[in-house]
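File shown: protein08.csv. Contents: CSV, C-alpha atoms (C1' of nucleotides).
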chain,number,residue,atom,x,y,z
A,1,MET,CA,16.5,10.1,0.6
A,2,ASN,CA,12.9,10.9,1.4
A,3,PHE,CA,10.8,12.3,4.2
A,4,SER,CA,8.1,10.2,5.7
A,5,ALA,CA,4.5,10.4,4.7
A,6,LYS,CA,3.9,11.5,8.3
A,7,THR,CA,5.9,14.7,7.6
A,8,GLU,CA,4.0,15.3,4.4
A,9,TYR,CA,0.7,14.9,6.3
A,10,GLY,CA,1.9,17.2,9.0
A,11,VAL,CA,2.9,19.9,6.7
A,12,ARG,CA,-0.4,19.7,4.9
A,13,LEU,CA,-2.1,19.8,8.3
A,14,MET,CA,-0.2,22.9,9.2
A,15,VAL,CA,-1.0,24.6,5.9
A,16,GLU,CA,-4.7,23.8,6.4
A,17,LEU,CA,-4.5,25.4,9.9
A,18,GLY,CA,-2.8,28.4,8.4
A,19,ARG,CA,-5.6,28.8,5.9
A,20,HIS,CA,-8.0,29.2,8.8
A,21,GLU,CA,-5.9,31.5,10.9
A,22,GLY,CA,-8.0,33.7,13.1
A,23,GLU,CA,-11.1,31.6,12.9
A,24,ARG,CA,-12.4,29.1,15.4
A,25,PRO,CA,-10.3,26.0,15.9
A,26,THR,CA,-10.4,23.4,13.1
A,27,SER,CA,-11.2,19.9,13.9
A,28,LEU,CA,-9.1,17.0,12.7
A,29,LYS,CA,-12.0,15.6,11.0
A,30,ALA,CA,-12.4,18.7,8.8
A,31,ILE,CA,-8.7,18.5,8.0
A,32,ALA,CA,-8.8,14.9,7.2
A,33,GLU,CA,-11.7,15.4,4.8
A,34,ALA,CA,-10.2,18.5,3.2
A,35,GLU,CA,-6.9,16.8,2.5
A,36,ARG,CA,-8.3,13.3,2.1
A,37,LEU,CA,-6.1,11.8,4.8
A,38,PRO,CA,-6.8,9.1,7.3
A,39,LEU,CA,-8.2,10.7,10.4
A,40,SER,CA,-6.9,8.1,12.8
A,41,TYR,CA,-3.4,8.6,11.6
A,42,LEU,CA,-3.6,12.3,11.7
A,43,GLU,CA,-4.1,12.0,15.4
A,44,HIS,CA,-0.6,10.8,15.7
A,45,VAL,CA,0.7,13.4,13.4
A,46,VAL,CA,-0.9,16.3,15.3
A,47,ALA,CA,0.3,14.9,18.6
A,48,ASP,CA,3.9,15.5,17.4
A,49,LEU,CA,3.0,19.0,16.4
A,50,LYS,CA,1.4,19.7,19.7
A,51,ARG,CA,4.3,18.3,21.6
A,52,ALA,CA,6.5,20.8,19.8
A,53,ASP,CA,4.2,23.7,20.7
A,54,LEU,CA,3.4,24.4,17.1
A,55,VAL,CA,-0.2,23.8,17.6
A,56,VAL,CA,-2.7,24.5,20.3
A,57,ALA,CA,-5.7,22.2,21.0
A,58,THR,CA,-9.1,22.9,22.3
A,59,ARG,CA,-10.9,19.8,23.6
A,60,GLY,CA,-14.5,19.0,23.6
A,61,ALA,CA,-17.3,19.8,21.2
A,62,HIS,CA,-16.5,22.5,18.7
A,63,GLY,CA,-12.9,22.0,19.6
A,64,GLY,CA,-10.0,21.5,17.3
A,65,TYR,CA,-6.6,22.9,16.6
A,66,ARG,CA,-5.1,26.3,16.0
A,67,LEU,CA,-1.6,27.5,15.2
A,68,SER,CA,0.3,28.6,18.3
A,69,ARG,CA,1.8,31.5,16.5
A,70,PRO,CA,1.1,33.5,13.3
A,71,ALA,CA,2.0,31.5,10.2
A,72,GLY,CA,4.5,34.1,9.2
A,73,GLU,CA,6.5,33.3,12.3
A,74,ILE,CA,6.6,29.6,11.9
A,75,ALA,CA,9.7,28.4,10.1
A,76,MET,CA,9.3,25.1,8.4
A,77,ASP,CA,12.4,23.5,9.9
A,78,GLU,CA,10.6,23.5,13.2
A,79,VAL,CA,7.7,21.7,11.7
A,80,VAL,CA,9.8,19.1,9.9
A,81,LYS,CA,12.0,18.6,12.9
A,82,ALA,CA,8.9,18.0,15.1
A,83,LEU,CA,7.6,15.4,12.7
A,84,GLU,CA,10.7,13.7,11.5
A,85,GLY,CA,12.4,13.7,14.8
A,86,GLN,CA,15.6,15.1,13.5
A,87,ILE,CA,17.1,16.2,10.3
A,88,ALA,CA,20.1,14.0,9.8
A,89,PRO,CA,21.1,12.4,6.6
A,90,MET,CA,22.8,9.6,8.4
A,91,ASP,CA,22.2,7.7,11.5
A,92,CYS,CA,25.5,8.6,13.1
A,93,PHE,CA,24.3,12.2,13.1
A,94,SER,CA,21.6,11.7,15.6
A,95,ALA,CA,22.2,11.5,19.3
A,96,GLY,CA,21.6,7.8,19.9
A,97,ASP,CA,24.3,6.1,17.8
A,98,THR,CA,23.1,2.7,18.9
A,99,HIS,CA,24.0,-0.5,17.0
A,100,ARG,CA,25.3,0.2,13.6
A,101,VAL,CA,28.9,0.8,12.7
A,102,VAL,CA,28.5,3.8,10.4
A,103,CYS,CA,31.1,6.1,11.6
A,104,SER,CA,33.1,3.4,13.2
A,105,HIS,CA,36.5,4.0,11.8
A,106,GLU,CA,36.6,7.6,13.0
A,107,ALA,CA,37.7,6.6,16.4
A,108,ASP,CA,40.1,4.0,15.2
A,109,ASP,CA,43.1,5.9,14.0
A,110,GLY,CA,42.1,9.5,14.3
A,111,ARG,CA,41.4,9.7,10.6
A,112,ALA,CA,38.3,11.8,10.0
A,113,CYS,CA,35.2,10.0,8.8
A,114,ALA,CA,35.2,10.6,5.0
A,115,THR,CA,31.5,10.9,4.7
A,116,LYS,CA,31.1,13.3,7.6
A,117,LEU,CA,32.0,16.3,5.5
A,118,LEU,CA,29.5,15.3,2.9
A,119,TRP,CA,26.6,14.7,5.2
A,120,THR,CA,27.3,17.8,7.2
A,121,ARG,CA,26.9,19.9,4.0
A,122,VAL,CA,23.8,18.1,3.0
A,123,GLN,CA,22.3,18.6,6.4
A,124,GLY,CA,23.1,22.3,6.2
A,125,GLY,CA,21.5,22.6,2.8
A,126,VAL,CA,18.3,21.0,4.0
A,127,VAL,CA,18.0,22.9,7.2
A,128,ARG,CA,18.7,26.2,5.4
A,129,ALA,CA,16.1,25.5,2.8
A,130,LEU,CA,13.6,24.6,5.5
A,131,HIS,CA,14.4,27.5,7.7
A,132,LYS,CA,14.0,30.2,5.1
A,133,THR,CA,10.6,28.9,4.3
A,134,THR,CA,7.7,30.0,6.5
A,135,LEU,CA,4.4,28.4,6.8
A,136,ALA,CA,2.8,31.6,5.6
A,137,GLU,CA,4.6,31.2,2.3
A,138,LEU,CA,3.1,27.7,1.8
A,139,VAL,CA,-0.3,28.9,2.7
A,140,GLU,CA,-0.1,31.6,0.1
A,141,PHE,CA,1.4,29.3,-2.5
A,142,SER,CA,-1.3,26.8,-2.0
A,143,SER,CA,-4.0,29.4,-2.5
A,144,SER,CA,-2.7,31.0,-5.7
A,145,PRO,CA,-3.2,28.9,-8.8
A,146,ARG,CA,0.3,29.5,-10.2
A,147,ALA,CA,3.5,30.5,-8.4
A,148,ALA,CA,7.2,29.9,-8.9
A,149,ALA,CA,9.4,28.1,-6.5
B,1,MET,CA,15.1,12.0,6.4
B,2,ASN,CA,18.1,9.8,5.9
B,3,PHE,CA,20.1,8.3,3.2
B,4,SER,CA,20.4,4.5,3.1
B,5,ALA,CA,23.4,2.6,4.4
B,6,LYS,CA,24.0,1.6,0.8
B,7,THR,CA,24.8,5.2,0.0
B,8,GLU,CA,27.1,5.5,2.9
B,9,TYR,CA,28.9,2.4,1.8
B,10,GLY,CA,29.1,3.5,-1.7
B,11,VAL,CA,30.6,6.9,-0.8
B,12,ARG,CA,33.1,5.2,1.4
B,13,LEU,CA,34.0,2.8,-1.4
B,14,MET,CA,34.5,5.7,-3.8
B,15,VAL,CA,36.7,7.5,-1.3
B,16,GLU,CA,38.7,4.4,-0.9
B,17,LEU,CA,39.2,4.1,-4.7
B,18,GLY,CA,40.1,7.8,-4.7
B,19,ARG,CA,42.8,7.1,-2.2
B,20,HIS,CA,44.4,4.7,-4.6
B,21,GLU,CA,44.1,6.7,-7.7
B,22,GLY,CA,46.7,5.9,-10.3
B,23,GLU,CA,47.6,2.6,-8.8
B,24,ARG,CA,46.5,-0.8,-9.9
B,25,PRO,CA,42.8,-1.6,-9.5
B,26,THR,CA,41.6,-2.2,-5.9
B,27,SER,CA,39.7,-5.4,-5.2
B,28,LEU,CA,36.4,-5.3,-3.3
B,29,LYS,CA,37.9,-7.5,-0.7
B,30,ALA,CA,40.6,-5.0,0.1
B,31,ILE,CA,38.0,-2.3,0.4
B,32,ALA,CA,35.7,-4.4,2.5
B,33,GLU,CA,38.6,-5.0,4.9
B,34,ALA,CA,39.8,-1.4,5.0
B,35,GLU,CA,36.3,-0.1,5.7
B,36,ARG,CA,35.1,-3.1,7.7
B,37,LEU,CA,32.1,-3.6,5.5
B,38,PRO,CA,30.4,-6.8,4.4
B,39,LEU,CA,32.0,-7.9,1.1
B,40,SER,CA,29.0,-9.6,-0.3
B,41,TYR,CA,26.9,-6.5,0.1
B,42,LEU,CA,29.5,-4.3,-1.4
B,43,GLU,CA,29.1,-6.2,-4.6
B,44,HIS,CA,25.6,-4.8,-5.0
B,45,VAL,CA,26.8,-1.3,-4.1
B,46,VAL,CA,29.6,-1.3,-6.6
B,47,ALA,CA,27.3,-2.7,-9.2
B,48,ASP,CA,25.2,0.5,-9.0
B,49,LEU,CA,28.3,2.6,-9.3
B,50,LYS,CA,29.5,0.7,-12.3
B,51,ARG,CA,26.1,1.1,-14.0
B,52,ALA,CA,26.5,4.8,-13.6
B,53,ASP,CA,30.0,4.7,-15.2
B,54,LEU,CA,31.6,6.1,-12.1
B,55,VAL,CA,33.8,3.1,-11.7
B,56,VAL,CA,35.6,0.8,-14.1
B,57,ALA,CA,36.1,-2.9,-13.4
B,58,THR,CA,38.9,-5.3,-14.3
B,59,ARG,CA,38.0,-8.9,-14.0
B,60,GLY,CA,40.1,-11.9,-13.1
B,61,ALA,CA,43.1,-12.2,-10.9
B,62,HIS,CA,44.6,-9.0,-9.7
B,63,GLY,CA,41.5,-7.3,-10.9
B,64,GLY,CA,39.4,-4.8,-9.1
B,65,TYR,CA,37.9,-1.4,-9.5
B,66,ARG,CA,39.2,2.0,-10.5
B,67,LEU,CA,37.6,5.4,-10.8
B,68,SER,CA,36.4,6.1,-14.3
B,69,ARG,CA,37.6,9.7,-14.0
B,70,PRO,CA,39.9,11.7,-11.7
B,71,ALA,CA,38.4,12.2,-8.3
B,72,GLY,CA,38.4,16.0,-8.8
B,73,GLU,CA,36.0,15.7,-11.6
B,74,ILE,CA,33.5,13.5,-9.8
B,75,ALA,CA,30.7,15.5,-8.2
B,76,MET,CA,29.1,13.8,-5.3
B,77,ASP,CA,25.6,14.3,-6.5
B,78,GLU,CA,26.3,11.8,-9.3
B,79,VAL,CA,27.5,9.3,-6.8
B,80,VAL,CA,24.6,9.7,-4.5
B,81,LYS,CA,22.1,9.6,-7.3
B,82,ALA,CA,23.6,6.4,-8.6
B,83,LEU,CA,23.2,4.8,-5.2
B,84,GLU,CA,20.0,6.3,-4.0
B,85,GLY,CA,18.2,6.1,-7.3
B,86,GLN,CA,17.0,9.6,-7.1
B,87,ILE,CA,17.2,12.6,-4.9
B,88,ALA,CA,13.7,13.4,-4.1
B,89,PRO,CA,12.4,14.3,-0.6
B,90,MET,CA,9.0,13.0,-1.5
B,91,ASP,CA,7.7,10.1,-3.6
B,92,CYS,CA,5.7,12.3,-5.9
B,93,PHE,CA,9.0,13.9,-6.9
B,94,SER,CA,10.4,10.8,-8.6
B,95,ALA,CA,11.2,11.0,-12.2
B,96,GLY,CA,8.5,10.2,-14.7
B,97,ASP,CA,6.3,13.1,-14.0
B,98,THR,CA,8.6,16.0,-14.8
B,99,HIS,CA,6.3,18.7,-16.0
B,100,ARG,CA,3.5,18.2,-13.6
B,101,VAL,CA,4.3,16.9,-10.2
B,102,VAL,CA,1.4,14.8,-9.1
B,103,CYS,CA,0.6,15.3,-5.4
B,104,SER,CA,-2.7,13.5,-4.9
B,105,HIS,CA,-5.1,16.4,-4.4
B,106,GLU,CA,-3.4,18.8,-6.8
B,107,ALA,CA,-5.4,17.6,-9.8
B,108,ASP,CA,-8.7,18.2,-8.0
B,109,ASP,CA,-9.2,21.9,-8.1
B,110,GLY,CA,-6.1,23.3,-9.8
B,111,ARG,CA,-4.9,24.5,-6.4
B,112,ALA,CA,-1.1,24.1,-6.2
B,113,CYS,CA,0.1,21.3,-3.9
B,114,ALA,CA,1.2,23.2,-0.7
B,115,THR,CA,4.1,21.0,0.0
B,116,LYS,CA,5.6,21.2,-3.5
B,117,LEU,CA,7.2,24.5,-2.9
B,118,LEU,CA,8.8,23.2,0.2
B,119,TRP,CA,10.1,19.9,-1.2
B,120,THR,CA,11.4,21.7,-4.2
B,121,ARG,CA,13.5,23.9,-2.1
B,122,VAL,CA,14.8,21.1,0.0
B,123,GLN,CA,15.7,19.1,-3.0
B,124,GLY,CA,17.5,22.1,-4.4
B,125,GLY,CA,19.4,22.5,-1.2
B,126,VAL,CA,20.5,18.9,-1.1
B,127,VAL,CA,21.5,18.7,-4.8
B,128,ARG,CA,23.5,21.9,-4.5
B,129,ALA,CA,25.3,20.7,-1.4
B,130,LEU,CA,26.2,17.4,-3.1
B,131,HIS,CA,27.1,19.0,-6.4
B,132,LYS,CA,29.6,21.4,-5.0
B,133,THR,CA,31.4,18.6,-3.2
B,134,THR,CA,33.9,16.6,-5.2
B,135,LEU,CA,35.2,13.2,-4.4
B,136,ALA,CA,38.7,14.6,-4.3
B,137,GLU,CA,37.6,16.8,-1.4
B,138,LEU,CA,36.4,13.9,0.6
B,139,VAL,CA,39.6,12.0,-0.1
B,140,GLU,CA,41.6,14.8,1.1
B,141,PHE,CA,39.4,15.4,4.1
B,142,SER,CA,39.6,11.8,5.1
B,143,SER,CA,43.4,11.9,5.0
B,144,SER,CA,44.0,14.9,7.1
B,145,PRO,CA,43.5,14.3,10.8
B,146,ARG,CA,41.4,17.5,11.3
B,147,ALA,CA,39.6,19.7,8.9
B,148,ALA,CA,36.6,22.0,9.0
B,149,ALA,CA,33.3,21.4,7.2
C,1,DG,C1',44.7,-25.5,-14.4
C,2,DC,C1',44.3,-23.2,-10.3
C,3,DA,C1',43.6,-19.2,-7.7
C,4,DT,C1',41.6,-14.9,-7.8
C,5,DA,C1',38.1,-11.7,-8.4
C,6,DA,C1',34.2,-9.6,-10.9
C,7,DC,C1',29.4,-10.7,-12.0
C,8,DC,C1',24.6,-12.2,-11.3
C,9,DG,C1',20.3,-13.5,-9.2
C,10,DA,C1',17.5,-15.4,-5.8
C,11,DC,C1',16.4,-15.6,-1.1
C,12,DT,C1',16.0,-14.6,4.0
C,13,DC,C1',15.5,-11.6,8.0
C,14,DC,C1',14.0,-7.7,10.4
C,15,DG,C1',12.7,-3.1,11.6
C,16,DC,C1',10.0,0.6,10.6
C,17,DT,C1',6.2,3.0,8.6
C,18,DG,C1',1.6,3.7,8.0
C,19,DC,C1',-2.6,2.7,9.7
C,20,DT,C1',-6.4,0.8,12.7
C,21,DA,C1',-9.0,0.0,17.1
C,22,DG,C1',-10.8,1.0,21.3
C,23,DG,C1',-11.3,3.4,25.0
C,24,DA,C1',-11.0,7.5,28.3
C,25,DT,C1',-11.6,12.4,29.0
C,26,DT,C1',-13.1,17.0,28.2
C,27,DT,C1',-16.4,20.3,26.7
C,28,DC,C1',-20.5,22.4,24.5
C,29,DC,C1',-25.4,22.5,23.7
C,30,DT,C1',-30.1,21.8,24.6
D,1,DA,C1',-28.3,16.1,33.2
D,2,DG,C1',-27.0,13.8,29.3
D,3,DG,C1',-25.5,13.1,24.8
D,4,DA,C1',-22.7,14.6,20.9
D,5,DA,C1',-18.4,16.1,19.4
D,6,DA,C1',-14.1,16.5,19.9
D,7,DT,C1',-9.2,15.6,21.8
D,8,DC,C1',-6.2,12.3,23.9
D,9,DC,C1',-3.9,7.9,24.8
D,10,DT,C1',-2.0,3.1,24.2
D,11,DA,C1',-1.6,-1.2,21.9
D,12,DG,C1',-1.2,-3.7,18.1
D,13,DC,C1',-0.7,-5.3,13.3
D,14,DA,C1',0.6,-6.0,8.4
D,15,DG,C1',3.2,-4.9,4.4
D,16,DC,C1',7.3,-3.4,2.4
D,17,DG,C1',11.8,-2.3,1.7
D,18,DG,C1',16.5,-2.3,3.2
D,19,DA,C1',20.5,-4.9,4.6
D,20,DG,C1',22.8,-8.9,4.2
D,21,DT,C1',23.8,-13.9,2.7
D,22,DC,C1',24.7,-17.5,-0.6
D,23,DG,C1',25.7,-20.3,-4.5
D,24,DG,C1',27.0,-20.3,-8.8
D,25,DT,C1',29.2,-18.5,-13.3
D,26,DT,C1',32.5,-16.1,-16.0
D,27,DA,C1',36.9,-14.0,-16.9
D,28,DT,C1',41.9,-13.4,-16.2
D,29,DG,C1',46.8,-13.7,-14.5
D,30,DC,C1',50.5,-16.9,-13.3

Before anything else, please render the file you have as structure tokens.
Amino acid sequence: MNFSAKTEYGVRLMVELGRHEGERPTSLKAIAEAERLPLSYLEHVVADLKRADLVVATRGAHGGYRLSRPAGEIAMDEVVKALEGQIAPMDCFSAGDTHRVVCSHEADDGRACATKLLWTRVQGGVVRALHKTTLAELVEFSSSPRAAA
Amino acid sequence: MNFSAKTEYGVRLMVELGRHEGERPTSLKAIAEAERLPLSYLEHVVADLKRADLVVATRGAHGGYRLSRPAGEIAMDEVVKALEGQIAPMDCFSAGDTHRVVCSHEADDGRACATKLLWTRVQGGVVRALHKTTLAELVEFSSSPRAAA
DNA sequence: GCATAACCGACTCCGCTGCTAGGATTTCCT
DNA sequence: AGGAAATCCTAGCAGCGGAGTCGGTTATGC
């Protein structure tokens, strides 16, 4: 169970933007240098965030990115969903249940899929944890030298 | 964010064993057929479960596997941990660096890793959800045609 | 002693993730 | 006007790990 590096990068990117809230837009290059992340890859990451309307871009010289809303109003489940695609602990939880036979025997005899209950609870736990955390919290946390979880 | 198929298989395997609690040991072959899973792969899965003392094996003819404890006393976080290796939403959360989670740029300037707070909460949410679910619950859930999460 | 079944390790296949490359487009500044 | 600095797009690639196979060995019941 792990989130992709893309998600990690995206969260870091968002935090970086949150740190410069109210200022002029921040360029990807600046973020890449601050966080020591590959610039060319960040382009893909930020594209996801933009598609989800979490970020607003300004093109051209002195352009860059800004948060679309105040950091305090951005719940982290939105961010992670935008980057990860969906928050589902098992493939059969996403919309396109393509090839694999994960929940196969559910339809067979009407018996409930044993693991469904488990994954549902896990999913709930994750989403709740993400939802109750705002970007502003992360920004603050990353600024203070010591803080509790 | 998803768990591996191995974990899904392992949970199903455990449920299947739970269903036959108190009986003679169940062979992998029987489980593979019941759940329509590849037998040869299940061998690896069950090996993990055995290593974690969640399952007891009986070798030879009429052998098979049994739960090491009553299903009601087996919390699902144990099972998932045994199969998944660890429950960490990010690589830097893996065991080994307990006291100080190393997140690349954290060591640089003493600034806390922004994402640490987030992943810690997520991890907590997952572990809590898994821990409060017992194997017995899943067994019961999979037997009744309809139940709520 | 034969069938059954756990045990073990090595090996292959494939998809996905992370990352790069190159170009096109937009905008600011002088 | 023209160049520099950015976002934007698409294609492609390489490595790695997950999923599954296979052959063989050991242990046990009948």

Item to check | RMSD after least-squares fit, chain B onto chain A [all C-alpha atoms, in order] | outcome: 2.6 Å

Checklist outcome for this item: In terms of all atoms listed in the file, the residue from B:Leu39, B:Met76, B:Val127, B:Leu117 at minimal distance from chain C is B:Leu39

Select from chain A every residue with an atom at most 8 Å from any atom of chain B, then for each give the shortest pair of atoms and their distance in Å to one decimal, using all atoms listed in the file, rows by chain and rising number, as JSON lines.
{"residue": "A:Met1", "atom": "CA", "partner": "B:Phe3", "partner_atom": "CA", "distance": 4.8}
{"residue": "A:Asn2", "atom": "CA", "partner": "B:Pro89", "partner_atom": "CA", "distance": 4.0}
{"residue": "A:Phe3", "atom": "CA", "partner": "B:Met1", "partner_atom": "CA", "distance": 4.8}
{"residue": "A:Ser4", "atom": "CA", "partner": "B:Met1", "partner_atom": "CA", "distance": 7.3}
{"residue": "A:Glu8", "atom": "CA", "partner": "B:Thr115", "partner_atom": "CA", "distance": 7.2}
{"residue": "A:Val11", "atom": "CA", "partner": "B:Thr115", "partner_atom": "CA", "distance": 6.9}
{"residue": "A:Arg12", "atom": "CA", "partner": "B:Thr115", "partner_atom": "CA", "distance": 6.8}
{"residue": "A:Val15", "atom": "CA", "partner": "B:Ala114", "partner_atom": "CA", "distance": 7.1}
{"residue": "A:Glu35", "atom": "CA", "partner": "B:His105", "partner_atom": "CA", "distance": 7.1}
{"residue": "A:Arg36", "atom": "CA", "partner": "B:His105", "partner_atom": "CA", "distance": 7.9}
{"residue": "A:Glu84", "atom": "CA", "partner": "B:Met1", "partner_atom": "CA", "distance": 6.9}
{"residue": "A:Gln86", "atom": "CA", "partner": "B:Met1", "partner_atom": "CA", "distance": 7.8}
{"residue": "A:Ile87", "atom": "CA", "partner": "B:Met1", "partner_atom": "CA", "distance": 6.1}
{"residue": "A:Ala88", "atom": "CA", "partner": "B:Asn2", "partner_atom": "CA", "distance": 6.1}
{"residue": "A:Pro89", "atom": "CA", "partner": "B:Asn2", "partner_atom": "CA", "distance": 4.0}
{"residue": "A:Met90", "atom": "CA", "partner": "B:Asn2", "partner_atom": "CA", "distance": 5.3}
{"residue": "A:Asp91", "atom": "CA", "partner": "B:Asn2", "partner_atom": "CA", "distance": 7.3}
{"residue": "A:Val102", "atom": "CA", "partner": "B:Glu8", "partner_atom": "CA", "distance": 7.8}
{"residue": "A:His105", "atom": "CA", "partner": "B:Glu35", "partner_atom": "CA", "distance": 7.4}
{"residue": "A:Gly110", "atom": "CA", "partner": "B:Pro145", "partner_atom": "CA", "distance": 6.1}
{"residue": "A:Arg111", "atom": "CA", "partner": "B:Pro145", "partner_atom": "CA", "distance": 5.1}
{"residue": "A:Ala112", "atom": "CA", "partner": "B:Ser142", "partner_atom": "CA", "distance": 5.1}
{"residue": "A:Cys113", "atom": "CA", "partner": "B:Ser142", "partner_atom": "CA", "distance": 6.0}
{"residue": "A:Ala114", "atom": "CA", "partner": "B:Ser142", "partner_atom": "CA", "distance": 4.6}
{"residue": "A:Thr115", "atom": "CA", "partner": "B:Arg12", "partner_atom": "CA", "distance": 6.8}
{"residue": "A:Leu117", "atom": "CA", "partner": "B:Ala149", "partner_atom": "CA", "distance": 5.5}
{"residue": "A:Leu118", "atom": "CA", "partner": "B:Leu130", "partner_atom": "CA", "distance": 7.2}
{"residue": "A:Thr120", "atom": "CA", "partner": "B:Ala149", "partner_atom": "CA", "distance": 7.0}
{"residue": "A:Arg121", "atom": "CA", "partner": "B:Ala129", "partner_atom": "CA", "distance": 5.7}
{"residue": "A:Val122", "atom": "CA", "partner": "B:Val126", "partner_atom": "CA", "distance": 5.3}
{"residue": "A:Gln123", "atom": "CA", "partner": "B:Val126", "partner_atom": "CA", "distance": 7.7}
{"residue": "A:Gly125", "atom": "CA", "partner": "B:Gly125", "partner_atom": "CA", "distance": 4.5}
{"residue": "A:Val126", "atom": "CA", "partner": "B:Val122", "partner_atom": "CA", "distance": 5.3}
{"residue": "A:Arg128", "atom": "CA", "partner": "B:Gly125", "partner_atom": "CA", "distance": 7.6}
{"residue": "A:Ala129", "atom": "CA", "partner": "B:Val122", "partner_atom": "CA", "distance": 5.4}
{"residue": "A:Leu130", "atom": "CA", "partner": "B:Val122", "partner_atom": "CA", "distance": 6.6}
{"residue": "A:Thr133", "atom": "CA", "partner": "B:Leu118", "partner_atom": "CA", "distance": 7.2}
{"residue": "A:Leu138", "atom": "CA", "partner": "B:Ala114", "partner_atom": "CA", "distance": 5.5}
{"residue": "A:Val139", "atom": "CA", "partner": "B:Ala114", "partner_atom": "CA", "distance": 6.8}
{"residue": "A:Phe141", "atom": "CA", "partner": "B:Ala114", "partner_atom": "CA", "distance": 6.4}
{"residue": "A:Ser142", "atom": "CA", "partner": "B:Ala114", "partner_atom": "CA", "distance": 4.6}
{"residue": "A:Ser143", "atom": "CA", "partner": "B:Arg111", "partner_atom": "CA", "distance": 6.3}
{"residue": "A:Ser144", "atom": "CA", "partner": "B:Arg111", "partner_atom": "CA", "distance": 6.9}
{"residue": "A:Pro145", "atom": "CA", "partner": "B:Arg111", "partner_atom": "CA", "distance": 5.3}
{"residue": "A:Arg146", "atom": "CA", "partner": "B:Ala112", "partner_atom": "CA", "distance": 6.9}
{"residue": "A:Ala149", "atom": "CA", "partner": "B:Leu117", "partner_atom": "CA", "distance": 5.5}

Checklist entry - Which residues, written as a PyMOL selection string, have at least one atom at most 10 Å from Ile74 in chain A, with only C-alpha atoms (C1' of nucleotides) counted and residues fewer than 3 positions away on the same chain left out? => result chain A and resi 14+54+67-71+77-79+131+133-137

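Here CA of His62 in chain A is placed at a distance of 14.8 Å from C1' of DT30 in chain C.
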
Hey, could you make a per-residue contact list for chain B against chain C with 7 Å as the cut-off, showing the nearest pair of atoms and its distance in Å to one decimal, counting only C-alpha atoms (C1' of nucleotides), sorted by chain and number, as a Markdown table?
| residue | atom | partner | partner_atom | distance |
| --- | --- | --- | --- | --- |
| B:Arg59 | CA | C:DA6 | C1' | 5.0 |
| B:Gly60 | CA | C:DA5 | C1' | 5.1 |
| B:Ala61 | CA | C:DT4 | C1' | 4.4 |
| B:His62 | CA | C:DT4 | C1' | 6.9 |
| B:Gly63 | CA | C:DA5 | C1' | 6.1 |

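Across the structure, CA of Leu83 in chain B and CA of His20 in chain B are spaced 21.2 Å apart.
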
Each chain D residue no farther than 6 Å from chain B, nearest pair in Å, all atoms listed in the file, as CSV:
residue,atom,partner,partner_atom,distance
D:DA27,C1',B:Gly60,CA,5.4
D:DT28,C1',B:Gly60,CA,3.9
D:DG29,C1',B:Ala61,CA,5.4

Since the input lacks atoms, please generate N, CA and C atoms for range 71-81 of chain A and provide them as a CSV table (one decimal), keeping the file's coordinate frame.
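The result, stored in part.csv:
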chain,number,residue,atom,x,y,z
A,71,ALA,N,1.3,32.3,11.2
A,71,ALA,CA,2.0,31.5,10.2
A,71,ALA,C,3.3,32.1,9.7
A,72,GLY,N,3.3,33.4,9.7
A,72,GLY,CA,4.5,34.1,9.2
A,72,GLY,C,5.7,33.9,10.1
A,73,GLU,N,5.4,33.5,11.3
A,73,GLU,CA,6.5,33.3,12.3
A,73,GLU,C,6.9,31.9,12.5
A,74,ILE,N,6.3,31.0,11.8
A,74,ILE,CA,6.6,29.6,11.9
A,74,ILE,C,7.5,29.2,10.7
A,75,ALA,N,8.8,28.9,11.1
A,75,ALA,CA,9.7,28.4,10.1
A,75,ALA,C,9.5,26.9,9.9
A,76,MET,N,9.7,26.4,8.7
A,76,MET,CA,9.3,25.1,8.4
A,76,MET,C,10.3,24.0,8.9
A,77,ASP,N,11.5,24.5,9.3
A,77,ASP,CA,12.4,23.5,9.9
A,77,ASP,C,11.9,23.1,11.2
A,78,GLU,N,11.2,23.9,11.9
A,78,GLU,CA,10.6,23.5,13.2
A,78,GLU,C,9.6,22.4,13.0
A,79,VAL,N,8.8,22.7,12.0
A,79,VAL,CA,7.7,21.7,11.7
A,79,VAL,C,8.3,20.3,11.3
A,80,VAL,N,9.2,20.4,10.4
A,80,VAL,CA,9.8,19.1,9.9
A,80,VAL,C,10.5,18.4,11.0
A,81,LYS,N,11.2,19.2,11.8
A,81,LYS,CA,12.0,18.6,12.9
A,81,LYS,C,11.0,17.9,13.9
